[in-house]
Amino acid sequence: MPPPVTTNPAVDAALSACAGGDPAAFAPVYDALAPVAYGTCLGVLRDPDHAAEVVQEVMVEVWQTAARYDATRGSARTWVATLARRRAVDRVRAEQARRDRDQRDVDASTAAAPRDVVMEDVERRLEGAAVRRCLDSLTATQREAVVQAYYGGLTYREVAERLDAALPTVKSRIRDGLLRLRDCLGVGRG
């Protein structure tokens, strides 16, 4: 046997009066059922502002569809709580769908353009060949200083110690070597 339906006869009567189009009857319905709707929405949405928005939508729906309320199926409280829960769940789903759409838009806008791996490999090889050719155009001392500094990752002082040369000499060799590389590679001054 189903449990008895808990009703508040005054609210049920006011809701029935709303169904008849009596605007004055809505105030007690709102006062009695809006807190129920708010609690239900807050439990689903976890955001007071969103919950308040959904409650307003629910209470407008209660006013517009009061004729659908059937006291034999449950109390007005249960009916409004059900409407509120459905609306709140719809809001959660709509928010998630919006976030998913926004994420797809962000992903699509930030996605890398299709790469031509073969072309990139060819360009890298051509650049490497040009650098090797230009390195060969340097004097032996410039080439050795530049290679140790830039390919070996050494500081000016470490290069000077390895080459057993004065620090200002090494700095000059590297500077002059880089200037010649720039000119050889056709890199403009920036």
# chains A, B, ... in the order shown; residues from 1 in each chain; ligands from 1
>>> residues_around(residues="A:Leu15", least_positions_apart="3", cutoff="7 Å", atoms="only C-alpha atoms", output="ChimeraX atom specification")
/A:11-12,18-19,29,66
>>> write_last_selection(atoms="C-alpha atoms", output="mmCIF file, in the first residue's frame")
data_model
loop_
_atom_site.group_PDB
_atom_site.id
_atom_site.type_symbol
_atom_site.label_atom_id
_atom_site.label_comp_id
_atom_site.auth_asym_id
_atom_site.auth_seq_id
_atom_site.Cartn_x
_atom_site.Cartn_y
_atom_site.Cartn_z
ATOM 1 C CA VAL A 11 -1.602 25.569 -0.251
ATOM 2 C CA ASP A 12 -3.412 22.943 -2.314
ATOM 3 C CA CYS A 18 -4.335 29.795 -9.303
ATOM 4 C CA ALA A 19 -5.459 27.225 -11.843
ATOM 5 C CA VAL A 29 1.453 29.558 -3.073
ATOM 6 C CA ALA A 66 -1.327 25.285 -12.060
#
>>> atom_distance(atom1="atom CA of A:Arg173", atom2="atom CA of A:Ala129")
22.3 Å
>>> select_by_dssp(residues="stretch 22-170 of chain A", states="alpha helix (DSSP H)", output="PyMOL selection string")
chain A and resi 26-45+48-64+76-110+117-136+140-146+156-163+167-170
>>> residues_around(residues="stretch 67-71 of chain A", least_positions_apart="2", cutoff="12 Å", atoms="only C-alpha atoms", output="PyMOL selection string")
chain A and resi 5-9+11-22+61-65+73-80+82-83
>>> residues_around(residues="A:Tyr38", least_positions_apart="6", cutoff="10 Å", atoms="only C-alpha atoms", output="list in words")
Val44, Pro48, His50, Ala51, Ala52, Glu53, Val54, Val55, Gln56, Val58, Ala81, Ala84, Arg85 and Ala88 of chain A
>>> write_last_selection(atoms="all heavy atoms", output="JSON list (two decimals), in the first residue's frame")
[["chain", "number", "residue", "atom", "x", "y", "z"],
["A", 44, "VAL", "N", 20.83, 20.83, -6.12],
["A", 44, "VAL", "CA", 21.32, 20.33, -7.41],
["A", 44, "VAL", "C", 22.41, 21.23, -7.97],
["A", 44, "VAL", "O", 23.45, 20.76, -8.44],
["A", 44, "VAL", "CB", 20.15, 20.22, -8.42],
["A", 44, "VAL", "CG1", 20.66, 19.87, -9.81],
["A", 44, "VAL", "CG2", 19.14, 19.17, -7.96],
["A", 48, "PRO", "N", 23.94, 29.67, -5.27],
["A", 48, "PRO", "CA", 22.74, 30.41, -4.87],
["A", 48, "PRO", "C", 22.15, 31.27, -5.98],
["A", 48, "PRO", "O", 20.92, 31.37, -6.09],
["A", 48, "PRO", "CB", 23.23, 31.29, -3.71],
["A", 48, "PRO", "CG", 24.47, 30.64, -3.21],
["A", 48, "PRO", "CD", 25.08, 29.94, -4.39],
["A", 50, "HIS", "N", 22.36, 30.85, -9.35],
["A", 50, "HIS", "CA", 21.71, 29.98, -10.34],
["A", 50, "HIS", "C", 20.42, 29.39, -9.76],
["A", 50, "HIS", "O", 19.40, 29.29, -10.45],
["A", 50, "HIS", "CB", 22.63, 28.85, -10.79],
["A", 50, "HIS", "CG", 23.67, 29.25, -11.77],
["A", 50, "HIS", "ND1", 23.39, 29.48, -13.09],
["A", 50, "HIS", "CD2", 25.00, 29.48, -11.63],
["A", 50, "HIS", "CE1", 24.50, 29.82, -13.72],
["A", 50, "HIS", "NE2", 25.48, 29.84, -12.85],
["A", 51, "ALA", "N", 20.47, 29.02, -8.49],
["A", 51, "ALA", "CA", 19.29, 28.44, -7.85],
["A", 51, "ALA", "C", 18.15, 29.46, -7.83],
["A", 51, "ALA", "O", 17.00, 29.13, -8.12],
["A", 51, "ALA", "CB", 19.62, 27.98, -6.44],
["A", 52, "ALA", "N", 18.46, 30.72, -7.50],
["A", 52, "ALA", "CA", 17.43, 31.76, -7.47],
["A", 52, "ALA", "C", 16.82, 31.98, -8.85],
["A", 52, "ALA", "O", 15.60, 32.16, -8.98],
["A", 52, "ALA", "CB", 18.03, 33.06, -6.93],
["A", 53, "GLU", "N", 17.66, 31.95, -9.89],
["A", 53, "GLU", "CA", 17.14, 32.10, -11.26],
["A", 53, "GLU", "C", 16.19, 30.96, -11.61],
["A", 53, "GLU", "O", 15.12, 31.18, -12.18],
["A", 53, "GLU", "CB", 18.30, 32.10, -12.27],
["A", 53, "GLU", "CG", 19.11, 33.36, -12.28],
["A", 53, "GLU", "CD", 20.28, 33.27, -13.25],
["A", 53, "GLU", "OE1", 20.23, 32.44, -14.18],
["A", 53, "GLU", "OE2", 21.25, 34.01, -13.05],
["A", 54, "VAL", "N", 16.58, 29.75, -11.29],
["A", 54, "VAL", "CA", 15.76, 28.60, -11.62],
["A", 54, "VAL", "C", 14.46, 28.63, -10.81],
["A", 54, "VAL", "O", 13.39, 28.29, -11.33],
["A", 54, "VAL", "CB", 16.53, 27.28, -11.41],
["A", 54, "VAL", "CG1", 15.63, 26.07, -11.58],
["A", 54, "VAL", "CG2", 17.71, 27.20, -12.38],
["A", 55, "VAL", "N", 14.51, 29.08, -9.56],
["A", 55, "VAL", "CA", 13.30, 29.18, -8.75],
["A", 55, "VAL", "C", 12.30, 30.13, -9.41],
["A", 55, "VAL", "O", 11.11, 29.84, -9.47],
["A", 55, "VAL", "CB", 13.62, 29.63, -7.31],
["A", 55, "VAL", "CG1", 12.36, 30.04, -6.57],
["A", 55, "VAL", "CG2", 14.34, 28.53, -6.57],
["A", 56, "GLN", "N", 12.81, 31.23, -9.93],
["A", 56, "GLN", "CA", 11.90, 32.17, -10.60],
["A", 56, "GLN", "C", 11.24, 31.49, -11.81],
["A", 56, "GLN", "O", 10.04, 31.63, -12.04],
["A", 56, "GLN", "CB", 12.65, 33.43, -11.04],
["A", 56, "GLN", "CG", 13.08, 34.30, -9.88],
["A", 56, "GLN", "CD", 11.91, 34.69, -8.98],
["A", 56, "GLN", "OE1", 10.87, 35.13, -9.42],
["A", 56, "GLN", "NE2", 12.09, 34.49, -7.68],
["A", 58, "VAL", "N", 10.72, 28.30, -12.17],
["A", 58, "VAL", "CA", 9.81, 27.28, -11.65],
["A", 58, "VAL", "C", 8.51, 27.93, -11.18],
["A", 58, "VAL", "O", 7.41, 27.44, -11.49],
["A", 58, "VAL", "CB", 10.47, 26.47, -10.51],
["A", 58, "VAL", "CG1", 9.44, 25.62, -9.77],
["A", 58, "VAL", "CG2", 11.58, 25.61, -11.06],
["A", 81, "ALA", "N", 8.56, 20.63, -5.94],
["A", 81, "ALA", "CA", 9.92, 20.10, -5.77],
["A", 81, "ALA", "C", 10.34, 19.31, -7.01],
["A", 81, "ALA", "O", 11.50, 19.39, -7.46],
["A", 81, "ALA", "CB", 10.00, 19.24, -4.52],
["A", 84, "ALA", "N", 11.08, 21.80, -9.76],
["A", 84, "ALA", "CA", 12.35, 22.47, -9.47],
["A", 84, "ALA", "C", 13.53, 21.57, -9.77],
["A", 84, "ALA", "O", 14.53, 22.00, -10.36],
["A", 84, "ALA", "CB", 12.38, 22.92, -8.01],
["A", 85, "ARG", "N", 13.43, 20.32, -9.36],
["A", 85, "ARG", "CA", 14.54, 19.40, -9.61],
["A", 85, "ARG", "C", 14.76, 19.21, -11.11],
["A", 85, "ARG", "O", 15.90, 19.22, -11.58],
["A", 85, "ARG", "CB", 14.26, 18.04, -8.95],
["A", 85, "ARG", "CG", 15.44, 17.10, -9.11],
["A", 85, "ARG", "CD", 15.26, 15.81, -8.37],
["A", 85, "ARG", "NE", 16.45, 15.01, -8.33],
["A", 85, "ARG", "CZ", 17.12, 14.56, -9.38],
["A", 85, "ARG", "NH1", 16.76, 14.86, -10.57],
["A", 85, "ARG", "NH2", 18.20, 13.81, -9.21],
["A", 88, "ALA", "N", 16.38, 22.35, -12.49],
["A", 88, "ALA", "CA", 17.77, 22.46, -12.04],
["A", 88, "ALA", "C", 18.67, 21.49, -12.80],
["A", 88, "ALA", "O", 19.78, 21.85, -13.22],
["A", 88, "ALA", "CB", 17.86, 22.21, -10.53]]
